[in-house]
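S.K.: As input, take protein.cif (mmCIF, C-alpha atoms):
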data_work
#
loop_
_atom_site.label_atom_id
_atom_site.label_comp_id
_atom_site.auth_asym_id
_atom_site.auth_seq_id
_atom_site.Cartn_x
_atom_site.Cartn_y
_atom_site.Cartn_z
CA MET A 1 46.95 51.44 -4.29
CA PRO A 2 44.40 51.71 -7.12
CA ASN A 3 41.31 53.66 -6.10
CA ILE A 4 37.95 52.99 -7.78
CA LEU A 5 34.83 55.12 -7.41
CA ALA A 6 31.67 53.04 -8.00
CA ILE A 7 28.53 55.09 -8.63
CA ASN A 8 25.11 53.53 -8.18
CA ALA A 9 22.94 56.14 -9.90
CA ASN A 10 19.68 54.96 -8.37
CA THR A 11 18.69 55.89 -4.83
CA THR A 12 18.42 52.46 -3.19
CA VAL A 13 21.22 52.15 -0.67
CA ALA A 14 20.60 48.39 -0.34
CA ILE A 15 21.43 47.94 -4.05
CA THR A 16 24.68 49.89 -3.55
CA ALA A 17 25.57 47.64 -0.63
CA LEU A 18 24.78 44.51 -2.65
CA VAL A 19 26.92 45.60 -5.59
CA GLU A 20 29.73 46.79 -3.30
CA LYS A 21 29.84 43.41 -1.58
CA HIS A 22 30.32 41.54 -4.86
CA LEU A 23 32.69 44.11 -6.34
CA ARG A 24 34.96 43.82 -3.30
CA ALA A 25 34.97 40.04 -3.59
CA ALA A 26 36.07 40.29 -7.23
CA LEU A 27 38.74 42.99 -6.79
CA SER A 28 42.31 42.44 -5.67
CA ALA A 29 43.00 42.99 -1.99
CA ASP A 30 44.99 46.19 -2.51
CA VAL A 31 42.25 48.00 -4.46
CA VAL A 32 40.46 50.78 -2.59
CA LEU A 33 36.74 50.84 -3.46
CA HIS A 34 34.44 53.75 -2.66
CA ALA A 35 30.79 52.98 -3.50
CA VAL A 36 28.25 55.81 -3.49
CA THR A 37 24.51 56.14 -4.09
CA GLY A 38 22.70 58.75 -6.17
CA ARG A 39 21.32 61.62 -4.14
CA PHE A 40 18.15 61.95 -6.23
CA GLY A 41 16.15 60.05 -8.83
CA ALA A 42 14.38 56.72 -9.08
CA ALA A 43 14.66 54.01 -6.46
CA TYR A 44 15.53 51.65 -9.31
CA ILE A 45 16.10 52.55 -12.96
CA SER A 46 13.58 50.86 -15.23
CA THR A 47 12.32 53.56 -17.61
CA GLU A 48 13.75 56.04 -20.11
CA ALA A 49 12.89 58.98 -17.86
CA ALA A 50 14.53 57.39 -14.82
CA ASN A 51 17.61 56.60 -16.88
CA VAL A 52 18.00 60.24 -18.00
CA ILE A 53 17.65 61.49 -14.42
CA ALA A 54 20.16 58.86 -13.29
CA GLY A 55 22.69 60.30 -15.73
CA HIS A 56 22.47 63.63 -13.88
CA ALA A 57 22.69 61.80 -10.55
CA ALA A 58 25.84 60.03 -11.75
CA LEU A 59 27.45 63.36 -12.71
CA ASP A 60 26.43 64.78 -9.34
CA ALA A 61 27.99 61.84 -7.49
CA PHE A 62 31.14 62.12 -9.58
CA ALA A 63 31.49 65.81 -8.69
CA GLN A 64 31.08 65.02 -5.00
CA HIS A 65 33.43 62.03 -4.78
CA ALA A 66 35.81 61.77 -7.75
CA HIS A 67 38.83 63.53 -6.31
CA GLY A 68 41.69 61.07 -5.87
CA CYS A 69 40.15 58.15 -7.76
CA ASP A 70 41.99 56.28 -10.53
CA ALA A 71 38.90 54.97 -12.34
CA VAL A 72 35.13 55.41 -12.23
CA LEU A 73 32.65 52.55 -12.49
CA VAL A 74 29.03 53.31 -13.34
CA ALA A 75 27.50 50.55 -11.23
CA CYS A 76 24.14 50.44 -13.02
CA PHE A 77 23.63 48.10 -15.95
CA GLY A 78 22.23 50.82 -18.21
CA ASP A 79 25.46 52.83 -17.73
CA PRO A 80 23.57 56.13 -17.18
CA GLY A 81 25.61 59.23 -17.90
CA ILE A 82 28.65 57.33 -19.16
CA PHE A 83 29.36 59.57 -22.16
CA ALA A 84 28.94 62.76 -20.12
CA LEU A 85 31.18 61.36 -17.38
CA ARG A 86 33.87 60.61 -19.95
CA GLU A 87 33.67 64.17 -21.18
CA VAL A 88 34.44 65.63 -17.74
CA SER A 89 36.54 62.92 -16.09
CA PRO A 90 40.36 63.01 -16.17
CA VAL A 91 40.41 59.30 -15.29
CA PRO A 92 38.87 56.37 -17.22
CA VAL A 93 35.16 55.64 -16.84
CA VAL A 94 33.60 52.24 -17.50
CA GLY A 95 30.02 51.05 -17.16
CA MET A 96 28.71 47.73 -15.94
CA ALA A 97 26.95 46.98 -19.23
CA GLU A 98 29.91 48.11 -21.33
CA ALA A 99 32.41 45.94 -19.44
CA SER A 100 30.14 42.92 -19.90
CA MET A 101 29.61 43.60 -23.61
CA ARG A 102 33.33 44.01 -24.14
CA LEU A 103 34.04 40.67 -22.47
CA ALA A 104 31.21 38.91 -24.33
CA SER A 105 32.41 40.29 -27.68
CA ALA A 106 35.89 38.98 -26.96
CA GLN A 107 34.49 35.52 -26.27
CA ALA A 108 32.01 35.11 -29.11
CA ALA A 109 30.82 36.59 -32.39
CA ARG A 110 27.27 36.85 -31.01
CA TYR A 111 26.09 37.42 -27.47
CA SER A 112 22.78 37.87 -25.66
CA ILE A 113 21.84 39.68 -22.47
CA VAL A 114 19.46 38.41 -19.79
CA THR A 115 18.23 41.02 -17.34
CA GLY A 116 15.33 42.01 -15.12
CA GLY A 117 12.48 44.16 -16.44
CA LYS A 118 10.57 44.18 -19.72
CA ARG A 119 11.47 47.77 -20.68
CA TRP A 120 15.22 47.20 -20.77
CA PRO A 121 15.65 45.46 -24.16
CA ALA A 122 15.18 48.56 -26.33
CA MET A 123 17.25 50.69 -23.96
CA LEU A 124 20.13 48.22 -23.93
CA GLU A 125 20.02 47.70 -27.69
CA ARG A 126 20.57 51.43 -28.18
CA LEU A 127 23.33 51.47 -25.58
CA ALA A 128 25.12 48.56 -27.25
CA GLY A 129 25.05 50.40 -30.56
CA ALA A 130 26.32 53.63 -29.02
CA LEU A 131 29.17 51.80 -27.30
CA GLY A 132 30.17 49.98 -30.47
CA TYR A 133 28.97 46.51 -29.46
CA GLY A 134 25.64 46.49 -31.30
CA ALA A 135 26.69 44.31 -34.23
CA GLY A 136 27.30 41.27 -32.06
CA LEU A 137 24.20 41.63 -29.88
CA ALA A 138 21.79 38.82 -30.76
CA ARG A 139 19.01 39.71 -28.31
CA VAL A 140 18.20 41.29 -24.96
CA ARG A 141 15.91 39.11 -22.85
CA GLY A 142 14.09 40.75 -19.96
CA ILE A 143 12.24 38.63 -17.41
CA ALA A 144 8.98 39.89 -15.90
CA LEU A 145 10.60 40.65 -12.53
CA THR A 146 12.46 43.94 -12.25
CA GLY A 147 15.99 44.06 -10.93
CA VAL A 148 14.86 45.40 -7.57
CA GLN A 149 12.35 42.53 -7.26
CA VAL A 150 15.11 40.05 -8.06
CA ALA A 151 17.34 41.61 -5.40
CA ALA A 152 14.53 41.35 -2.86
CA ASP A 153 13.84 37.66 -3.59
CA PRO A 154 16.62 36.10 -5.69
CA GLU A 155 15.38 32.54 -5.11
CA ALA A 156 12.15 33.34 -6.96
CA ALA A 157 14.11 34.59 -9.98
CA LEU A 158 16.72 31.85 -10.46
CA ASP A 159 14.62 29.52 -12.62
CA LEU A 160 13.36 32.43 -14.76
CA LEU A 161 16.88 33.70 -15.34
CA ALA A 162 18.20 30.23 -16.09
CA ALA A 163 15.42 29.58 -18.62
CA GLU A 164 16.24 32.80 -20.49
CA CYS A 165 19.96 32.00 -20.46
CA ARG A 166 19.23 28.58 -22.02
CA ALA A 167 16.98 30.19 -24.63
CA ALA A 168 19.71 32.71 -25.45
CA ARG A 169 22.05 29.86 -26.35
CA GLU A 170 19.51 27.63 -28.08
CA GLU A 171 17.26 30.18 -29.84
CA ASP A 172 19.50 33.24 -30.30
CA GLY A 173 22.64 31.33 -31.21
CA ALA A 174 24.54 33.32 -28.63
CA GLY A 175 28.07 32.12 -27.97
CA ALA A 176 28.19 34.21 -24.80
CA VAL A 177 25.41 35.14 -22.38
CA ILE A 178 25.48 38.12 -20.00
CA LEU A 179 23.48 38.14 -16.78
CA GLY A 180 23.09 41.87 -16.34
CA GLY A 181 21.91 44.17 -13.59
CA ALA A 182 22.92 45.63 -10.26
CA GLY A 183 20.00 43.87 -8.62
CA LEU A 184 21.25 40.55 -10.00
CA ALA A 185 24.65 40.88 -8.33
CA GLY A 186 25.94 37.54 -7.10
CA LEU A 187 23.56 35.41 -9.15
CA GLY A 188 25.88 34.69 -12.07
CA VAL A 189 27.60 31.70 -10.51
CA ARG A 190 24.28 30.28 -9.30
CA VAL A 191 22.70 30.51 -12.75
CA GLU A 192 25.84 28.91 -14.22
CA GLN A 193 25.36 25.93 -11.92
CA ILE A 194 21.78 25.50 -13.15
CA VAL A 195 22.38 25.89 -16.90
CA GLY A 196 25.72 24.08 -17.09
CA PHE A 197 27.56 26.63 -19.25
CA PRO A 198 29.47 29.87 -18.51
CA VAL A 199 27.43 32.99 -17.80
CA ILE A 200 29.06 36.43 -17.68
CA ASP A 201 28.22 38.16 -14.41
CA SER A 202 28.01 41.90 -15.12
CA VAL A 203 29.25 42.85 -11.65
CA ILE A 204 32.32 40.60 -11.85
CA ALA A 205 33.10 41.71 -15.41
CA SER A 206 32.90 45.37 -14.45
CA ALA A 207 35.07 44.86 -11.36
CA HIS A 208 37.85 43.34 -13.43
CA GLU A 209 37.65 46.04 -16.12
CA ALA A 210 37.58 48.88 -13.59
CA GLU A 211 40.62 47.44 -11.83
CA ARG A 212 42.48 47.06 -15.12
CA LEU A 213 41.84 50.71 -15.91
CA ALA A 214 42.66 51.89 -12.39
CA ARG A 215 46.04 50.17 -12.67
CA GLY A 216 46.84 52.18 -15.78
CA GLY A 217 45.58 49.77 -18.43
CA GLU A 218 44.89 51.05 -21.92
CA TRP A 219 41.55 52.79 -22.24
CA ALA A 220 39.12 50.65 -24.25
CA TYR A 221 37.45 53.69 -25.81
CA PRO A 222 38.55 57.02 -27.33
CA ARG A 223 39.32 59.75 -24.82
CA THR A 224 36.70 62.49 -24.99
CA GLU A 225 37.84 66.10 -24.99
CA PRO A 226 35.90 68.41 -22.63
CA GLY A 227 33.43 70.67 -24.37
CA PRO A 228 33.44 74.46 -24.17
CA GLY A 229 32.30 75.77 -20.82
CA THR A 230 28.89 77.42 -20.77
CA PRO A 231 26.97 79.10 -17.93
CA SER A 232 24.68 76.85 -15.89
CA THR A 233 21.72 77.54 -13.63
CA GLY A 234 20.43 75.60 -10.65
CA LEU A 235 23.16 72.95 -10.51
CA ASP A 236 24.96 71.83 -7.38
CA PRO A 237 28.02 74.08 -6.91
CA ALA A 238 30.29 71.03 -6.74
CA LEU A 239 29.34 70.03 -10.29
CA ILE A 240 29.82 73.40 -11.98
CA PRO A 241 33.68 73.39 -12.04
CA TRP A 242 33.66 70.03 -13.86
CA LEU A 243 31.54 71.52 -16.64
CA ARG A 244 33.99 74.32 -17.44
CA ASP A 245 36.49 74.01 -20.26
#
Please re-express this file's structure in structure tokens.
M.R.:
Amino acid sequence: MPNILAINANTTVAITALVEKHLRAALSADVVLHAVTGRFGAAYISTEAANVIAGHAALDAFAQHAHGCDAVLVACFGDPGIFALREVSPVPVVGMAEASMRLASAQAARYSIVTGGKRWPAMLERLAGALGYGAGLARVRGIALTGVQVAADPEAALDLLAAECRAAREEDGAGAVILGGAGLAGLGVRVEQIVGFPVIDSVIASAHEAERLARGGEWAYPRTEPGPGTPSTGLDPALIPWLRD
């Protein structure tokens, strides 16, 4: 049975539960899913500082829970810590944003992202470039509500999200539109019904990619060799062995 570790690198257990619910619905019945929440950091990632801290939290969660898994899913749309996780992990690691960008790039020459929070566009533009999907990214559109606000009251966000998805097609010339964010889990199909064209749900896309990798599918990125081990101070003892050569 394929075993997937899903790491929510923020500290809101309710967001982990929301994402886990929709991941399980998208995965095959024989897949074992273990969803965990960051032990420290921001309640919801919406700034550069919170994103950096979340990368450490993701590594910490990996060290605590990775034994026996066949793939790791970074279940935050900013994919915090993904490159560091790939350096230490013996199994494939995929992020929610990356899986969505990969799918969008396969569907269209240009794609746009619609997400919650006004600070995300610049952060996601850099991530797309680092992952190799920057050339096709037309625009990142962030609504005024943050992802955690959307999760708390999804009904209030539906029209805002739908309007940005329409603008992505009409103004950006995007052939594919991603609805991205852990707090937006489960809203993809509802926004699709409003706008009348396909919308890529980041949670569903990442579930399918994580399962493909967990079943032994070809890695969609170069394997990273571990770096030379160096002494560390103040880290959780469970993490230190993963940082050695």
S.K.: Which residue out of A:Ala152, A:Ile178, A:Val72, A:Cys165 has the minimum interatomic distance to Val88 (chain A) when only C-alpha atoms are used?
M.R.: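 Ranked by minimum distance to Val88 (chain A), first place goes to A:Val72.
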S.K.: Using all atoms listed in the file - which residues lie no farther than 9 Å from the point (15.6, 41.8, -22.3) in the file's frame? Write them as a ChimeraX atom specification.
M.R.: /A:112-122,124,139-143
S.K.: List the residues selected by the PyMOL selection byres ((chain A and resi 46-59) around 7) in the file shown, writing them as a PDB file with C-alpha atoms, keeping the file's coordinate frame.
M.R.:
ATOM      1  CA  ILE A   7      28.530  55.090  -8.630  1.00  0.00           C
ATOM      2  CA  ALA A   9      22.940  56.140  -9.900  1.00  0.00           C
ATOM      3  CA  ASN A  10      19.680  54.960  -8.370  1.00  0.00           C
ATOM      4  CA  GLY A  38      22.700  58.750  -6.170  1.00  0.00           C
ATOM      5  CA  ARG A  39      21.320  61.620  -4.140  1.00  0.00           C
ATOM      6  CA  PHE A  40      18.150  61.950  -6.230  1.00  0.00           C
ATOM      7  CA  GLY A  41      16.150  60.050  -8.830  1.00  0.00           C
ATOM      8  CA  ALA A  42      14.380  56.720  -9.080  1.00  0.00           C
ATOM      9  CA  TYR A  44      15.530  51.650  -9.310  1.00  0.00           C
ATOM     10  CA  ILE A  45      16.100  52.550 -12.960  1.00  0.00           C
ATOM     11  CA  ASP A  60      26.430  64.780  -9.340  1.00  0.00           C
ATOM     12  CA  ALA A  61      27.990  61.840  -7.490  1.00  0.00           C
ATOM     13  CA  PHE A  62      31.140  62.120  -9.580  1.00  0.00           C
ATOM     14  CA  ALA A  63      31.490  65.810  -8.690  1.00  0.00           C
ATOM     15  CA  PRO A  80      23.570  56.130 -17.180  1.00  0.00           C
ATOM     16  CA  GLY A  81      25.610  59.230 -17.900  1.00  0.00           C
ATOM     17  CA  LEU A  85      31.180  61.360 -17.380  1.00  0.00           C
ATOM     18  CA  GLY A 117      12.480  44.160 -16.440  1.00  0.00           C
ATOM     19  CA  ARG A 119      11.470  47.770 -20.680  1.00  0.00           C
ATOM     20  CA  TRP A 120      15.220  47.200 -20.770  1.00  0.00           C
TER      21      TRP A 120
END
S.K.: Around (24.5, 34.5, -19.3) in the file's own coordinates, what residues are found within 9 Å if you use only C-alpha atoms, given back as a VMD selection string?
M.R.: chain A and resid 111 to 114 161 to 162 164 to 166 168 to 169 176 to 180 188 191 to 192 197 to 201
S.K.: Find the residues near Gly181 (chain A): any atom within 10 Å, counting only C-alpha atoms, skip ones fewer than 5 places away on the same chain, and give them as a PyMOL selection string.
M.R.: chain A and resi 19+75-78+96-97+113-117+146-148+150-151+187+201-203
S.K.: Selected residues, C-alpha atoms, written as a PDB file, in the coordinates of the input, please.
M.R.:
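Dumped to selection_12.pdb:
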ATOM      1  CA  VAL A  19      26.920  45.600  -5.590  1.00  0.00           C
ATOM      2  CA  ALA A  75      27.500  50.550 -11.230  1.00  0.00           C
ATOM      3  CA  CYS A  76      24.140  50.440 -13.020  1.00  0.00           C
ATOM      4  CA  PHE A  77      23.630  48.100 -15.950  1.00  0.00           C
ATOM      5  CA  GLY A  78      22.230  50.820 -18.210  1.00  0.00           C
ATOM      6  CA  MET A  96      28.710  47.730 -15.940  1.00  0.00           C
ATOM      7  CA  ALA A  97      26.950  46.980 -19.230  1.00  0.00           C
ATOM      8  CA  ILE A 113      21.840  39.680 -22.470  1.00  0.00           C
ATOM      9  CA  VAL A 114      19.460  38.410 -19.790  1.00  0.00           C
ATOM     10  CA  THR A 115      18.230  41.020 -17.340  1.00  0.00           C
ATOM     11  CA  GLY A 116      15.330  42.010 -15.120  1.00  0.00           C
ATOM     12  CA  GLY A 117      12.480  44.160 -16.440  1.00  0.00           C
ATOM     13  CA  THR A 146      12.460  43.940 -12.250  1.00  0.00           C
ATOM     14  CA  GLY A 147      15.990  44.060 -10.930  1.00  0.00           C
ATOM     15  CA  VAL A 148      14.860  45.400  -7.570  1.00  0.00           C
ATOM     16  CA  VAL A 150      15.110  40.050  -8.060  1.00  0.00           C
ATOM     17  CA  ALA A 151      17.340  41.610  -5.400  1.00  0.00           C
ATOM     18  CA  LEU A 187      23.560  35.410  -9.150  1.00  0.00           C
ATOM     19  CA  ASP A 201      28.220  38.160 -14.410  1.00  0.00           C
ATOM     20  CA  SER A 202      28.010  41.900 -15.120  1.00  0.00           C
ATOM     21  CA  VAL A 203      29.250  42.850 -11.650  1.00  0.00           C
TER      22      VAL A 203
END
S.K.: Atoms are missing here; could region 146-181 of chain A be completed with N, CA and C atoms and written as a short mmCIF file (atom, residue, chain, number, x, y, z; two decimals), in the frame of the given file?
M.R.:
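What landed in rebuild.cif:
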data_model
loop_
_atom_site.label_atom_id
_atom_site.label_comp_id
_atom_site.auth_asym_id
_atom_site.auth_seq_id
_atom_site.Cartn_x
_atom_site.Cartn_y
_atom_site.Cartn_z
N THR A 146 11.47 42.88 -12.12
CA THR A 146 12.46 43.94 -12.25
C THR A 146 13.71 43.59 -11.44
N GLY A 147 14.76 44.32 -11.67
CA GLY A 147 15.99 44.06 -10.93
C GLY A 147 15.82 44.21 -9.44
N VAL A 148 15.05 45.21 -9.01
CA VAL A 148 14.86 45.40 -7.57
C VAL A 148 14.04 44.26 -6.97
N GLN A 149 13.11 43.70 -7.74
CA GLN A 149 12.35 42.53 -7.26
C GLN A 149 13.25 41.30 -7.17
N VAL A 150 14.16 41.16 -8.11
CA VAL A 150 15.11 40.05 -8.06
C VAL A 150 16.00 40.18 -6.83
N ALA A 151 16.48 41.39 -6.57
CA ALA A 151 17.34 41.61 -5.40
C ALA A 151 16.61 41.30 -4.10
N ALA A 152 15.30 41.59 -4.07
CA ALA A 152 14.53 41.35 -2.86
C ALA A 152 14.26 39.87 -2.63
N ASP A 153 14.13 39.09 -3.72
CA ASP A 153 13.84 37.66 -3.59
C ASP A 153 14.55 36.90 -4.71
N PRO A 154 15.87 36.75 -4.61
CA PRO A 154 16.62 36.10 -5.69
C PRO A 154 16.20 34.66 -5.95
N GLU A 155 15.77 33.94 -4.93
CA GLU A 155 15.38 32.54 -5.11
C GLU A 155 14.23 32.42 -6.11
N ALA A 156 13.31 33.39 -6.07
CA ALA A 156 12.15 33.34 -6.96
C ALA A 156 12.53 33.62 -8.41
N ALA A 157 13.71 34.19 -8.63
CA ALA A 157 14.11 34.59 -9.98
C ALA A 157 15.05 33.60 -10.66
N LEU A 158 15.67 32.70 -9.91
CA LEU A 158 16.72 31.85 -10.46
C LEU A 158 16.25 31.02 -11.65
N ASP A 159 15.10 30.37 -11.53
CA ASP A 159 14.62 29.52 -12.62
C ASP A 159 14.26 30.35 -13.85
N LEU A 160 13.69 31.55 -13.64
CA LEU A 160 13.36 32.43 -14.76
C LEU A 160 14.62 32.87 -15.50
N LEU A 161 15.63 33.25 -14.74
CA LEU A 161 16.88 33.70 -15.34
C LEU A 161 17.57 32.55 -16.08
N ALA A 162 17.57 31.39 -15.47
CA ALA A 162 18.20 30.23 -16.09
C ALA A 162 17.50 29.86 -17.40
N ALA A 163 16.17 29.91 -17.40
CA ALA A 163 15.42 29.58 -18.62
C ALA A 163 15.76 30.54 -19.76
N GLU A 164 15.89 31.82 -19.45
CA GLU A 164 16.24 32.80 -20.49
C GLU A 164 17.68 32.62 -20.96
N CYS A 165 18.57 32.25 -20.06
CA CYS A 165 19.96 32.00 -20.46
C CYS A 165 20.02 30.80 -21.41
N ARG A 166 19.27 29.75 -21.12
CA ARG A 166 19.23 28.58 -22.02
C ARG A 166 18.67 28.98 -23.38
N ALA A 167 17.59 29.77 -23.38
CA ALA A 167 16.98 30.19 -24.63
C ALA A 167 17.93 31.07 -25.44
N ALA A 168 18.74 31.86 -24.75
CA ALA A 168 19.71 32.71 -25.45
C ALA A 168 20.70 31.87 -26.23
N ARG A 169 21.11 30.75 -25.66
CA ARG A 169 22.05 29.86 -26.35
C ARG A 169 21.35 29.09 -27.47
N GLU A 170 20.18 28.54 -27.15
CA GLU A 170 19.51 27.63 -28.08
C GLU A 170 18.75 28.36 -29.20
N GLU A 171 18.10 29.48 -28.87
CA GLU A 171 17.26 30.18 -29.84
C GLU A 171 17.98 31.36 -30.51
N ASP A 172 18.82 32.06 -29.75
CA ASP A 172 19.50 33.24 -30.30
C ASP A 172 20.81 32.88 -30.99
N GLY A 173 21.32 31.69 -30.69
CA GLY A 173 22.64 31.33 -31.21
C GLY A 173 23.76 32.11 -30.57
N ALA A 174 23.54 32.52 -29.33
CA ALA A 174 24.54 33.32 -28.63
C ALA A 174 25.68 32.44 -28.14
N GLY A 175 26.90 32.83 -28.47
CA GLY A 175 28.07 32.12 -27.97
C GLY A 175 28.47 32.56 -26.58
N ALA A 176 27.95 33.71 -26.16
CA ALA A 176 28.19 34.21 -24.80
C ALA A 176 26.89 34.81 -24.29
N VAL A 177 26.63 34.63 -22.99
CA VAL A 177 25.41 35.14 -22.38
C VAL A 177 25.79 35.98 -21.17
N ILE A 178 25.25 37.20 -21.12
CA ILE A 178 25.48 38.12 -20.00
C ILE A 178 24.27 38.10 -19.08
N LEU A 179 24.52 37.94 -17.78
CA LEU A 179 23.48 38.14 -16.78
C LEU A 179 23.71 39.54 -16.23
N GLY A 180 22.82 40.47 -16.60
CA GLY A 180 23.09 41.87 -16.34
C GLY A 180 22.15 42.53 -15.36
N GLY A 181 22.73 43.36 -14.48
CA GLY A 181 21.91 44.17 -13.59
C GLY A 181 22.48 44.25 -12.20
#
